[in-house]
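Trainee: Just structure26.txt, nothing more (compact mmCIF, C-alpha atoms):
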# COMPACT_ATOMS: atom_id res chain seq x y z
CA MET A 259 57.13 0.65 -23.68
CA THR A 260 58.34 -2.14 -21.42
CA LYS A 261 57.41 -2.32 -17.75
CA MET A 262 60.83 -1.17 -16.54
CA ASN A 263 60.96 1.58 -19.10
CA HIS A 264 57.55 2.80 -18.07
CA LYS A 265 58.54 2.79 -14.39
CA ALA A 266 61.69 4.83 -15.05
CA ALA A 267 59.71 7.35 -17.09
CA THR A 268 57.03 7.64 -14.40
CA ASP A 269 59.65 8.11 -11.69
CA ARG A 270 61.34 10.76 -13.75
CA GLU A 271 58.12 12.67 -14.31
CA ALA A 272 57.10 12.48 -10.69
CA GLY A 273 60.59 13.41 -9.44
CA ARG A 274 60.23 10.44 -7.07
CA VAL A 275 63.02 9.19 -4.86
CA THR A 276 63.80 5.78 -6.24
CA VAL A 277 65.51 2.86 -4.63
CA ASP A 278 67.79 0.54 -6.52
CA ASP A 279 66.92 -3.16 -6.52
CA ARG A 280 69.86 -3.85 -4.18
CA GLY A 281 68.40 -1.49 -1.64
CA MET A 282 70.84 1.33 -2.35
CA GLU A 283 69.12 4.58 -2.02
CA ILE A 284 69.77 6.57 -5.15
CA ASP A 285 68.71 9.82 -3.54
CA LYS A 286 71.17 9.34 -0.69
CA MET A 287 73.94 8.58 -3.15
CA VAL A 288 73.19 11.72 -5.17
CA ARG A 289 73.36 13.82 -2.02
CA GLU A 290 76.59 12.14 -1.00
CA ALA A 291 78.13 12.80 -4.43
CA HIS A 292 77.09 16.44 -4.18
CA SER A 293 79.25 17.06 -1.13
CA GLY A 294 82.30 16.18 -3.26
CA ILE A 295 80.98 18.23 -6.16
CA ALA A 296 80.50 21.28 -3.93
CA PHE A 297 84.15 21.07 -2.90
CA ALA A 298 85.40 20.82 -6.51
CA MET A 299 83.09 23.62 -7.63
CA LYS A 300 84.82 26.09 -5.33
CA THR A 301 87.65 26.23 -7.85
CA LEU A 302 85.78 25.27 -11.03
CA ARG A 303 82.79 27.57 -10.91
CA ARG A 304 82.73 30.27 -13.57
CA PRO A 305 82.14 33.80 -12.28
CA ALA A 306 78.60 35.11 -12.61
CA ALA A 307 77.63 37.79 -15.13
CA ARG A 308 74.32 39.58 -15.45
CA VAL A 309 73.00 39.99 -18.99
CA GLY A 310 70.23 41.92 -20.62
CA VAL A 311 69.21 44.04 -23.57
CA VAL A 312 69.10 47.82 -23.48
CA ALA A 313 67.77 50.30 -26.02
CA SER A 314 70.11 53.18 -26.90
CA PRO A 315 70.60 55.81 -29.62
CA VAL A 316 72.96 53.35 -31.33
CA GLY A 317 70.30 50.62 -31.34
CA ARG A 318 69.59 47.65 -29.12
CA LEU A 319 72.57 46.44 -27.18
CA LEU A 320 73.19 43.11 -25.51
CA VAL A 321 75.11 43.95 -22.34
CA ALA A 322 76.85 41.74 -19.79
CA GLU A 323 78.35 42.81 -16.50
CA SER A 324 80.37 40.73 -14.04
CA ASP A 325 81.48 41.66 -10.53
CA ARG A 326 84.69 43.02 -12.04
CA GLY A 327 82.96 45.33 -14.51
CA LEU A 328 81.33 45.56 -17.88
CA ALA A 329 82.22 42.39 -19.80
CA ALA A 330 80.42 42.80 -23.12
CA ILE A 331 78.39 45.16 -25.27
CA HIS A 332 77.05 43.82 -28.52
CA PHE A 333 75.24 45.74 -31.28
CA MET A 334 72.26 43.46 -31.83
CA ALA A 335 71.32 45.08 -35.11
CA VAL A 336 74.71 44.31 -36.63
CA SER A 337 75.10 40.60 -36.03
CA ASP A 338 73.57 37.60 -34.32
CA SER A 339 73.87 37.70 -30.54
CA GLU A 340 74.22 33.92 -30.31
CA ARG A 341 77.94 34.03 -30.95
CA MET A 342 78.48 36.62 -28.26
CA LEU A 343 76.29 34.65 -25.85
CA THR A 344 78.28 31.47 -26.53
CA ALA A 345 81.53 33.32 -25.86
CA LEU A 346 80.08 34.76 -22.66
CA ARG A 347 78.76 31.40 -21.46
CA GLN A 348 82.22 29.90 -21.76
CA ARG A 349 83.60 32.47 -19.34
CA PHE A 350 80.64 33.21 -17.11
CA ASP A 351 77.53 31.68 -15.60
CA LEU A 352 74.95 34.02 -17.09
CA ILE A 353 71.98 35.36 -15.20
CA GLU A 354 69.17 37.50 -16.63
CA ASN A 355 69.09 40.52 -14.39
CA GLU A 356 66.96 43.58 -15.01
CA PRO A 357 68.32 45.93 -12.29
CA ALA A 358 71.88 45.47 -13.60
CA THR A 359 70.68 46.12 -17.14
CA GLU A 360 68.85 49.24 -16.00
CA LYS A 361 72.04 50.53 -14.41
CA ILE A 362 73.95 50.19 -17.68
CA SER A 363 71.02 51.67 -19.57
CA ARG A 364 71.10 54.74 -17.29
CA ALA A 365 74.89 55.05 -17.72
CA LEU A 366 74.50 55.00 -21.50
CA GLY A 367 71.72 57.57 -21.26
CA ARG A 368 74.05 59.89 -19.33
CA TYR A 369 76.85 59.34 -21.87
CA PHE A 370 74.65 60.32 -24.80
CA ALA A 371 73.50 63.34 -22.79
CA GLY A 372 77.12 64.51 -22.48
CA ASP A 373 78.23 63.08 -19.13
CA TYR A 374 81.40 61.27 -20.18
CA THR A 375 82.45 60.32 -16.65
CA VAL A 376 80.35 57.16 -17.03
CA LEU A 377 83.01 55.83 -19.40
CA GLU A 378 85.28 55.40 -16.38
CA HIS A 379 83.07 52.47 -15.38
CA PRO A 380 85.34 49.40 -14.76
CA VAL A 381 85.65 46.95 -17.62
CA ASP A 382 86.11 43.17 -17.31
CA MET A 383 88.50 41.95 -20.00
CA SER A 384 87.79 38.22 -19.49
CA LEU A 385 86.66 37.78 -23.09
CA VAL A 386 90.00 39.10 -24.38
CA GLU A 387 92.42 36.26 -25.07
CA SER A 388 95.69 38.00 -25.94
CA ASP A 389 97.94 40.21 -23.91
CA PHE A 390 98.57 42.44 -26.95
CA LYS A 391 94.83 43.14 -27.20
CA ARG A 392 94.57 43.85 -23.49
CA ARG A 393 97.41 46.35 -23.71
CA ALA A 394 95.84 48.01 -26.76
CA TYR A 395 92.45 48.34 -25.02
CA ALA A 396 94.05 49.69 -21.85
CA ARG A 397 96.01 52.28 -23.85
CA LEU A 398 92.93 53.18 -25.88
CA ARG A 399 90.99 53.99 -22.72
CA THR A 400 93.50 56.77 -22.03
CA VAL A 401 92.64 58.57 -25.30
CA PRO A 402 90.65 61.58 -24.08
CA ILE A 403 87.13 62.60 -25.13
CA GLY A 404 87.07 64.77 -28.27
CA SER A 405 90.25 63.24 -29.66
CA VAL A 406 91.13 60.28 -31.85
CA ILE A 407 94.26 58.22 -32.45
CA THR A 408 95.43 56.48 -35.62
CA TYR A 409 95.77 52.72 -35.96
CA GLN A 410 99.48 53.27 -36.51
CA GLY A 411 99.78 55.54 -33.48
CA LEU A 412 98.05 53.03 -31.24
CA ALA A 413 100.21 50.20 -32.59
CA ALA A 414 103.33 52.24 -31.77
CA ALA A 415 101.93 53.06 -28.35
CA VAL A 416 101.63 49.35 -27.47
CA GLY A 417 105.15 48.65 -28.69
CA ALA A 418 104.43 47.30 -32.18
CA PRO A 419 105.17 50.19 -34.59
CA ASP A 420 104.29 48.04 -37.65
CA GLY A 421 101.26 46.43 -36.06
CA GLN A 422 98.51 48.64 -37.47
CA ARG A 423 96.72 45.67 -39.05
CA ALA A 424 96.84 43.78 -35.77
CA ILE A 425 95.34 46.87 -34.13
CA GLY A 426 92.62 46.82 -36.81
CA ASN A 427 91.76 43.22 -35.88
CA THR A 428 91.90 44.10 -32.20
CA MET A 429 89.41 46.93 -32.66
CA ALA A 430 87.13 44.70 -34.75
CA THR A 431 86.94 42.18 -31.89
CA ASN A 432 86.56 44.68 -29.06
CA PRO A 433 84.10 43.04 -26.62
CA VAL A 434 83.14 46.29 -24.89
CA PRO A 435 82.70 49.02 -27.53
CA ILE A 436 81.81 52.54 -26.34
CA PHE A 437 83.43 51.91 -22.92
CA VAL A 438 86.63 50.76 -24.63
CA PRO A 439 86.44 53.52 -27.24
CA CYS A 440 87.46 51.76 -30.44
CA HIS A 441 85.41 54.39 -32.28
CA ARG A 442 88.27 56.80 -31.46
CA VAL A 443 90.70 54.97 -33.76
CA ILE A 444 91.01 56.28 -37.32
CA ARG A 445 93.27 55.81 -40.34
CA SER A 446 96.56 57.66 -40.77
CA ASP A 447 95.28 59.33 -43.96
CA GLY A 448 92.66 61.18 -41.92
CA SER A 449 89.61 59.13 -42.96
CA ILE A 450 87.63 57.66 -40.10
CA GLY A 451 87.85 54.05 -41.30
CA ASN A 452 85.53 51.19 -40.41
CA TYR A 453 83.71 50.18 -37.26
CA GLY A 454 82.39 46.88 -35.91
CA GLY A 455 78.99 48.49 -35.32
CA GLY A 456 78.94 50.16 -38.75
CA VAL A 457 80.38 53.53 -39.84
CA GLU A 458 77.09 55.31 -39.00
CA ARG A 459 77.45 54.37 -35.35
CA LYS A 460 81.10 55.41 -35.32
CA LEU A 461 80.08 58.83 -36.64
CA LEU A 462 77.32 59.13 -34.07
CA LEU A 463 79.66 58.23 -31.19
CA LEU A 464 82.37 60.64 -32.38
CA ARG A 465 79.79 63.43 -32.75
CA THR A 466 78.46 62.69 -29.27
CA GLU A 467 81.98 63.30 -27.97
CA GLY A 468 82.28 66.56 -29.89
CA PHE A 469 84.46 65.25 -32.72
CA VAL A 470 82.51 66.47 -35.73
CA VAL A 471 83.36 64.64 -38.93
CA GLY A 472 82.37 66.10 -42.29
CA ARG A 473 80.50 64.46 -45.13
CA ASP A 474 83.78 63.28 -46.64
CA LEU A 475 84.25 61.13 -43.50
CA ARG A 476 87.59 62.73 -42.81
CA VAL A 477 89.11 64.57 -39.87
CA PRO A 478 87.78 68.19 -39.89
CA GLU A 479 89.86 71.13 -41.20
CA GLY A 480 90.48 72.72 -37.80
CA ALA A 481 91.80 69.52 -36.21
CA VAL A 482 95.02 69.83 -34.23
CA LEU A 483 97.68 67.34 -33.21
CA GLY A 484 98.32 66.95 -29.51
CA HIS A 485 101.33 65.37 -27.84
CA ARG A 486 100.65 63.31 -24.74
CA ARG A 487 104.08 63.75 -23.15
CA THR A 488 104.82 67.41 -23.87
CA HIS A 489 101.17 68.46 -23.46
CA ILE A 490 101.53 70.73 -26.51
CA PHE A 491 99.14 70.86 -29.45
CA CYS A 492 100.11 71.98 -32.98
CA ARG A 493 98.64 72.55 -36.39
CA GLU A 494 98.73 69.51 -38.65
CA ASN A 495 101.53 70.97 -40.80
CA CYS A 496 103.73 72.14 -37.91
CA SER A 497 107.33 70.93 -38.23
CA ALA A 498 107.39 70.04 -34.54
CA ALA A 499 104.37 67.76 -35.00
CA GLN A 500 105.96 66.15 -38.06
CA ARG A 501 109.02 65.22 -35.99
CA ALA A 502 107.02 63.95 -33.01
CA ASP A 503 106.81 60.31 -32.00
CA HIS A 504 103.59 58.82 -33.51
CA SER A 505 102.85 56.78 -30.42
CA ASN A 506 102.20 59.91 -28.41
CA LEU A 507 100.19 61.88 -30.98
CA LEU A 508 96.47 62.39 -30.69
CA ILE A 509 94.16 64.23 -33.08
CA PHE A 510 91.78 66.70 -31.42
CA ALA A 511 88.67 67.98 -33.17
CA ASP A 512 89.77 71.59 -32.48
CA SER A 513 91.97 73.70 -30.18
CA GLU A 514 89.19 73.99 -27.65
CA HIS A 515 89.06 70.22 -27.10
CA ALA A 516 92.88 70.12 -26.83
CA ARG A 517 92.83 72.88 -24.20
CA ARG A 518 90.10 71.06 -22.31
CA ALA A 519 92.35 67.99 -22.24
CA GLY A 520 95.04 70.10 -20.52
CA LEU A 521 97.28 70.84 -23.53
CA ARG A 522 98.80 74.24 -24.41
CA PRO A 523 99.27 75.64 -27.97
CA CYS A 524 102.62 75.30 -29.77
CA ARG A 525 104.69 78.49 -29.91
CA LEU A 526 106.01 77.67 -33.41
CA CYS A 527 102.75 77.26 -35.30
CA ALA A 528 100.49 79.07 -32.80
CA PRO A 529 97.21 77.23 -33.46
CA ALA A 530 94.06 79.30 -32.84
CA MET B 551 65.66 54.81 -21.09
CA PRO B 552 63.65 51.73 -19.99
CA PRO B 553 65.36 48.39 -20.54
CA ALA B 554 64.05 46.52 -23.55
CA LYS B 555 62.64 43.01 -23.30
CA PHE B 556 64.83 40.01 -24.03
CA THR B 557 64.66 38.92 -27.61
CA PHE B 558 66.42 35.62 -27.01
CA SER B 559 66.30 33.00 -24.32
CA LEU B 560 69.17 31.96 -22.12
CA PRO B 561 69.47 28.26 -21.34
CA PRO B 562 68.71 27.48 -17.69
CA PRO B 563 71.64 27.44 -15.25
CA PHE B 564 73.45 24.09 -15.29
CA GLU B 565 72.39 23.02 -11.80
CA GLU B 566 68.76 23.61 -12.63
CA ALA B 567 69.02 21.86 -16.00
CA VAL B 568 70.55 18.64 -14.65
CA ARG B 569 68.63 18.39 -11.39
CA SER B 570 65.87 16.27 -12.92
CA LEU B 571 68.42 13.91 -14.50
CA GLU B 572 70.63 13.25 -11.50
CA HIS B 573 68.73 10.19 -10.20
CA GLU B 574 68.62 8.65 -13.65
CA ILE B 575 72.34 9.15 -14.15
CA MET B 576 73.17 7.69 -10.76
CA ARG B 577 70.93 4.69 -11.45
CA PHE B 578 72.57 4.21 -14.82
CA LEU B 579 76.07 4.38 -13.33
CA LEU B 580 75.15 2.00 -10.56
CA ARG B 581 73.78 -0.51 -13.05
CA THR B 582 76.75 -0.16 -15.35
CA THR B 583 79.55 -0.34 -12.79
CA GLY B 584 77.77 -2.45 -10.19
CA ASP B 585 79.81 -0.73 -7.52
CA ARG B 586 78.67 1.98 -5.13
CA GLU B 587 82.00 3.78 -4.76
CA ASP B 588 82.67 3.70 -8.49
CA SER B 589 79.20 5.12 -9.16
CA LEU B 590 79.79 7.99 -6.73
CA ASP B 591 83.14 8.77 -8.34
CA LEU B 592 81.78 8.59 -11.86
CA PHE B 593 78.73 10.64 -10.93
CA GLN B 594 80.96 13.46 -9.65
CA GLU B 595 83.16 13.25 -12.72
CA THR B 596 80.16 13.24 -15.05
CA TRP B 597 78.66 16.24 -13.26
CA LEU B 598 81.88 18.27 -13.33
CA ARG B 599 82.67 17.42 -16.94
CA ALA B 600 79.16 18.30 -17.98
CA TYR B 601 79.38 21.61 -16.09
CA ARG B 602 82.61 22.53 -17.87
CA ALA B 603 81.25 21.58 -21.29
CA TYR B 604 77.71 22.93 -20.76
CA PRO B 605 78.38 26.20 -22.66
CA THR B 606 79.20 24.19 -25.78
CA LEU B 607 75.85 22.37 -25.76
CA LYS B 608 73.94 23.69 -28.76
CA SER B 609 70.40 22.90 -27.76
CA GLU B 610 68.77 22.30 -24.42
CA ASP B 611 66.74 19.45 -25.98
CA GLY B 612 69.93 17.45 -26.38
CA LEU B 613 70.89 17.67 -22.70
CA ARG B 614 69.67 14.22 -21.64
CA PRO B 615 71.42 12.12 -24.32
CA TRP B 616 74.48 14.39 -24.03
CA ILE B 617 74.90 13.84 -20.30
CA PHE B 618 74.27 10.11 -20.69
CA ARG B 619 76.97 10.07 -23.32
CA ILE B 620 79.44 11.66 -20.91
CA ALA B 621 78.51 9.14 -18.22
CA SER B 622 78.72 6.26 -20.67
CA ASN B 623 82.13 7.37 -21.98
CA LEU B 624 83.46 7.68 -18.44
CA CYS B 625 82.23 4.17 -17.63
CA ARG B 626 83.92 2.85 -20.76
CA ASN B 627 87.17 4.63 -19.91
CA ARG B 628 87.17 3.24 -16.41
CA SER B 629 86.52 -0.28 -17.58
CA ARG B 630 89.29 0.09 -20.20
CA ASP B 631 91.71 1.29 -17.53
CA ARG B 632 90.82 -1.68 -15.35
CA THR B 633 91.42 -4.09 -18.23
CA ARG B 634 94.82 -2.52 -18.86
CA ARG B 635 95.72 -2.79 -15.22
CA ALA B 636 94.61 -6.42 -15.19
CA ARG B 637 96.88 -7.10 -18.16
CA VAL B 638 99.84 -5.66 -16.33
CA ILE B 639 99.11 -7.89 -13.38
CA ALA B 640 98.76 -10.89 -15.71
CA ASN B 641 102.18 -10.14 -17.14
CA ASP B 642 103.48 -10.30 -13.61
CA GLY B 643 102.72 -14.01 -13.66
CA ARG B 644 99.10 -14.49 -12.61
CA ASP B 645 96.93 -16.70 -14.70
CA VAL B 646 94.04 -14.35 -15.36
CA ALA B 647 92.37 -16.61 -17.90
CA LEU B 648 92.12 -19.34 -15.31
CA ASP B 649 90.72 -16.88 -12.73
CA GLU B 650 88.10 -15.66 -15.21
CA GLU B 651 87.07 -19.21 -15.98
CA ARG B 652 86.69 -19.91 -12.25
CA ALA B 653 84.67 -16.76 -11.76
CA ALA B 654 82.41 -17.60 -14.70
CA ALA B 655 81.85 -21.07 -13.33
CA ALA B 656 81.01 -19.60 -9.94
CA THR B 657 78.43 -17.22 -11.34
CA ARG B 658 76.86 -19.90 -13.54
CA SER B 659 76.31 -22.01 -10.49
CA SER B 660 75.23 -19.03 -8.40
CA PRO B 661 71.73 -19.39 -7.00
CA ASP B 662 71.33 -15.62 -7.20
CA GLY B 663 69.60 -14.86 -10.51
CA ALA B 664 70.27 -11.11 -10.31
CA LEU B 665 73.98 -11.63 -9.92
CA HIS B 666 73.95 -14.01 -12.85
CA LEU B 667 72.12 -11.46 -15.02
CA LYS B 668 74.53 -8.70 -13.98
CA ASP B 669 77.41 -10.86 -15.02
CA MET B 670 75.84 -11.68 -18.36
CA VAL B 671 75.20 -7.97 -19.02
CA ALA B 672 78.81 -7.19 -18.13
CA ARG B 673 79.95 -9.74 -20.72
CA LEU B 674 77.97 -8.10 -23.55
CA PRO B 675 79.99 -6.15 -26.14
CA GLY B 676 80.49 -2.49 -25.08
CA LYS B 677 77.93 -0.76 -27.29
CA GLN B 678 75.26 -3.44 -26.79
CA GLY B 679 75.74 -3.36 -23.03
CA ARG B 680 75.51 0.42 -22.82
CA ALA B 681 72.49 0.56 -25.15
CA LEU B 682 70.72 -2.07 -23.04
CA MET B 683 71.49 -0.18 -19.82
CA MET B 684 70.20 3.08 -21.21
CA ARG B 685 67.04 1.50 -22.63
CA LYS B 686 66.05 -0.84 -19.83
CA PHE B 687 67.44 0.89 -16.76
CA GLY B 688 67.78 4.51 -17.85
CA GLY B 689 64.47 4.60 -19.69
CA LEU B 690 65.92 6.46 -22.67
CA GLU B 691 64.18 6.51 -26.04
CA TYR B 692 66.04 5.04 -29.02
CA HIS B 693 66.78 8.45 -30.53
CA GLU B 694 68.27 9.55 -27.20
CA ILE B 695 70.41 6.40 -26.98
CA ALA B 696 71.49 7.07 -30.56
CA ALA B 697 72.59 10.59 -29.63
CA ALA B 698 74.41 9.31 -26.54
CA LEU B 699 76.23 6.55 -28.42
CA ASP B 700 76.80 8.58 -31.57
CA CYS B 701 74.98 6.16 -33.87
CA SER B 702 71.64 5.98 -35.69
CA ALA B 703 68.39 5.21 -33.89
CA GLU B 704 68.14 1.97 -35.94
CA SER B 705 71.60 0.96 -34.79
CA ALA B 706 70.65 1.69 -31.16
CA ARG B 707 67.51 -0.42 -31.55
CA ALA B 708 69.54 -3.23 -33.13
CA SER B 709 72.09 -3.09 -30.30
CA VAL B 710 69.36 -3.45 -27.67
CA TYR B 711 67.76 -6.29 -29.66
CA GLN B 712 71.07 -8.14 -30.03
CA ALA B 713 71.85 -7.66 -26.34
CA LEU B 714 68.47 -9.08 -25.31
CA LYS B 715 68.87 -11.97 -27.71
CA LYS B 716 72.25 -12.84 -26.20
CA LEU B 717 70.87 -12.60 -22.67
CA LYS B 718 67.98 -14.92 -23.54
CA ALA B 719 70.36 -17.39 -25.17
CA ALA B 720 72.66 -17.32 -22.15
CA ALA B 721 69.76 -17.77 -19.74
CA ARG B 722 68.63 -21.00 -21.40
When written as structure tokens, how does the structure in this file appear?
Mentor:
Amino acid sequence: MTKMNHKAATDREAGRVTVDDRGMEIDKMVREAHSGIAFAMKTLRRPAARVGVVASPVGRLLVAESDRGLAAIHFMAVSDSERMLTALRQRFDLIENEPATEKISRALGRYFAGDYTVLEHPVDMSLVESDFKRRAYARLRTVPIGSVITYQGLAAAVGAPDGQRAIGNTMATNPVPIFVPCHRVIRSDGSIGNYGGGVERKLLLLRTEGFVVGRDLRVPEGAVLGHRRTHIFCRENCSAAQRADHSNLLIFADSEHARRAGLRPCRLCAPA
Amino acid sequence: MPPAKFTFSLPPPFEEAVRSLEHEIMRFLLRTTGDREDSLDLFQETWLRAYRAYPTLKSEDGLRPWIFRIASNLCRNRSRDRTRRARVIANDGRDVALDEERAAAATRSSPDGALHLKDMVARLPGKQGRALMMRKFGGLEYHEIAAALDCSAESARASVYQALKKLKAAAR
């Protein structure tokens, strides 16, 4: 190592304030430059998000929360967290924060114990790029506990009646599963379909919410169709339900769940 | 449910990661541009660009050569812009070649050795000049220079060698 090289390395290690050979004080210059940087950073700085890992009945979850709400939940057992972390780092300045993680952990604990009010927790959609996806997630959050919606129904609800495949992609890239309940979206043929966290987790989440799915992974026999606008629920084969607009139809596990959601039974088919 | 322990490590916040490199970068910029105001400008630009691109940095180990590369590219861009501007002025009727010759003659006869050396370094081809700056004034290792200049470590070593050879020849 040359003399100059050695000096630079020593200065670096010692964190020493060094003076340029023309007498310009490097330290002073750095401080001076920082006043300009501080001004620019007022507009450039990414918002902060607190991240951590929580254990839950659906496995270990990587969670991130910003000041605006929950920004990400990632099933660590399903795929590598690095990709999610990279996506998060591009939007947020990440901070490891245990108290914030504990708060989310407690909320999840309450959800799995049957307190669904925790799902009203605000969600930060910063990781969502498209407006279509944002609309789909917002609409999905209005699907009540104990009910599901079809891909086709959700597509129609966001104004794209033929967009069921796009809805499929949207659900697969949901950054905040559980809180944005993509597990409540099923196929039109009555089978529960796939899930980003694996079908097992989808089943577990649906069961937690009282939507019991049989071994054939299909909607149960006693399921009823509920209409959001008319607040009426019908049997699956009711002529009124057949004529109804798909975008407003929900599938409830049973009449009890439909009643709990504020719907009344149809007078034509008179579901139990 | 108690929170589980982290199973991965987050890179340090940007400010913390670059703090130890700030003096080196400033020294490098000062040596390269030779101008205080330019160095301050380029330092701010380097810092802000690096902050924006920090999430795309794959490994923390590569931070030093990466940030030097940003600084070096900014220096190159600025010098290129200046050359373009000078050309426009030349087209306006000034005899730049004659001015350069006068300036060269002035520095050759300058009693100030440091100024003479600075001028000789400035006349080195781009890559050789930057490699020499990083090696001799930034204290970077060859593999770090290689990463900053996007070339092999051998090529970085050769660039520094060629630059020194030219300086020695010019000093004779």
Trainee: Using only C-alpha atoms, select each residue of chain B with any atom at most 10 Å away from an atom of chain A, and give the selection as a VMD selection string.
Mentor: chain B and resid 551 to 564 569 to 577 580 to 581 586 to 587 589 to 595 597 to 598 601 to 608 664 684 to 691
Trainee: Selection from above, C-alpha atoms, as a tab-separated table (two decimals), in the coordinates of the input, can you write it?
Mentor:
chain	number	residue	atom	x	y	z
B	551	MET	CA	65.66	54.81	-21.09
B	552	PRO	CA	63.65	51.73	-19.99
B	553	PRO	CA	65.36	48.39	-20.54
B	554	ALA	CA	64.05	46.52	-23.55
B	555	LYS	CA	62.64	43.01	-23.30
B	556	PHE	CA	64.83	40.01	-24.03
B	557	THR	CA	64.66	38.92	-27.61
B	558	PHE	CA	66.42	35.62	-27.01
B	559	SER	CA	66.30	33.00	-24.32
B	560	LEU	CA	69.17	31.96	-22.12
B	561	PRO	CA	69.47	28.26	-21.34
B	562	PRO	CA	68.71	27.48	-17.69
B	563	PRO	CA	71.64	27.44	-15.25
B	564	PHE	CA	73.45	24.09	-15.29
B	569	ARG	CA	68.63	18.39	-11.39
B	570	SER	CA	65.87	16.27	-12.92
B	571	LEU	CA	68.42	13.91	-14.50
B	572	GLU	CA	70.63	13.25	-11.50
B	573	HIS	CA	68.73	10.19	-10.20
B	574	GLU	CA	68.62	8.65	-13.65
B	575	ILE	CA	72.34	9.15	-14.15
B	576	MET	CA	73.17	7.69	-10.76
B	577	ARG	CA	70.93	4.69	-11.45
B	580	LEU	CA	75.15	2.00	-10.56
B	581	ARG	CA	73.78	-0.51	-13.05
B	586	ARG	CA	78.67	1.98	-5.13
B	587	GLU	CA	82.00	3.78	-4.76
B	589	SER	CA	79.20	5.12	-9.16
B	590	LEU	CA	79.79	7.99	-6.73
B	591	ASP	CA	83.14	8.77	-8.34
B	592	LEU	CA	81.78	8.59	-11.86
B	593	PHE	CA	78.73	10.64	-10.93
B	594	GLN	CA	80.96	13.46	-9.65
B	595	GLU	CA	83.16	13.25	-12.72
B	597	TRP	CA	78.66	16.24	-13.26
B	598	LEU	CA	81.88	18.27	-13.33
B	601	TYR	CA	79.38	21.61	-16.09
B	602	ARG	CA	82.61	22.53	-17.87
B	603	ALA	CA	81.25	21.58	-21.29
B	604	TYR	CA	77.71	22.93	-20.76
B	605	PRO	CA	78.38	26.20	-22.66
B	606	THR	CA	79.20	24.19	-25.78
B	607	LEU	CA	75.85	22.37	-25.76
B	608	LYS	CA	73.94	23.69	-28.76
B	664	ALA	CA	70.27	-11.11	-10.31
B	684	MET	CA	70.20	3.08	-21.21
B	685	ARG	CA	67.04	1.50	-22.63
B	686	LYS	CA	66.05	-0.84	-19.83
B	687	PHE	CA	67.44	0.89	-16.76
B	688	GLY	CA	67.78	4.51	-17.85
B	689	GLY	CA	64.47	4.60	-19.69
B	690	LEU	CA	65.92	6.46	-22.67
B	691	GLU	CA	64.18	6.51	-26.04
Trainee: Between atom CA of A:Pro435 and atom CA of A:Thr466, what is the spacing in Å?
Mentor: 14.4 Å
Trainee: Given the point (86.2, 61.4, -25.8) in the coordinates of this file, which residues lie within 9 Å, counting all atoms listed in the file, and how would they look as a CSV table (one decimal) with C-alpha atoms, keeping the file's coordinate frame?
Mentor:
chain,number,residue,atom,x,y,z
A,374,TYR,CA,81.4,61.3,-20.2
A,401,VAL,CA,92.6,58.6,-25.3
A,402,PRO,CA,90.6,61.6,-24.1
A,403,ILE,CA,87.1,62.6,-25.1
A,404,GLY,CA,87.1,64.8,-28.3
A,405,SER,CA,90.2,63.2,-29.7
A,406,VAL,CA,91.1,60.3,-31.8
A,439,PRO,CA,86.4,53.5,-27.2
A,442,ARG,CA,88.3,56.8,-31.5
A,464,LEU,CA,82.4,60.6,-32.4
A,466,THR,CA,78.5,62.7,-29.3
A,467,GLU,CA,82.0,63.3,-28.0
A,468,GLY,CA,82.3,66.6,-29.9
A,469,PHE,CA,84.5,65.2,-32.7
Trainee: Which one of A:Ala430, A:Leu385, A:Ile436, A:Leu475 sits closest to A:Ile450 if you count all atoms listed in the file?
Mentor: A:Leu475
Trainee: Taking every listed atom of stretch 470-486 of chain A and adding 4 Å to each side, what centre and edge lengths in Å (one decimal) does the axis-aligned box have, as JSON?
Mentor:
{"center_x": 90.9, "center_y": 66.9, "center_z": -35.7, "size_x": 28.8, "size_y": 19.6, "size_z": 29.9}
Trainee: Tell me, as a ChimeraX atom specification, which residues lie within 9 Å of A:Ala528, counting all atoms listed in the file; anything in the same chain fewer than 4 positions away does not count.
Mentor: /A:491-493,523-524
Trainee: What's around stretch 610-619 of chain B at 7 Å? Count all atoms listed in the file, leave out sequence neighbours fewer than 6 positions away in its own chain, and write the answer as a short mmCIF file (atom, residue, chain, number, x, y, z; two decimals) with C-alpha atoms, in the frame of the given file.
Mentor:
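result-v3.cif was written with the following content:
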data_model
loop_
_atom_site.label_atom_id
_atom_site.label_comp_id
_atom_site.auth_asym_id
_atom_site.auth_seq_id
_atom_site.Cartn_x
_atom_site.Cartn_y
_atom_site.Cartn_z
CA PRO B 561 69.47 28.26 -21.34
CA ILE B 575 72.34 9.15 -14.15
CA ALA B 600 79.16 18.30 -17.98
CA GLU B 694 68.27 9.55 -27.20
CA ILE B 695 70.41 6.40 -26.98
CA ALA B 697 72.59 10.59 -29.63
CA ALA B 698 74.41 9.31 -26.54
CA LEU B 699 76.23 6.55 -28.42
#
Trainee: Could you please give me, as a PyMOL selection string, the residues of protein, DNA or RNA lying at most 12 Å from (97.4, 74.5, -34.1) in the coordinate frame of the file, considering only C-alpha atoms?
Mentor: chain A and resi 479-485+490-499+509-517+521-530
Trainee: Hey, can you check how far atom CA of A:Gln422 sits from atom CA of A:Ala396?
Mentor: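 Computing the Euclidean distance for atom CA of A:Gln422 and atom CA of A:Ala396 yields 16.3 Å.
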Trainee: Neighbouring residues of A:Arg445 were defined as those with any atom within 12 Å, considering only C-alpha atoms; residues of the same chain fewer than 2 positions away were excluded. Please report them as a ChimeraX atom specification.
Mentor: /A:406-413,422-423,425-426,441-443,447-453,475-477,509
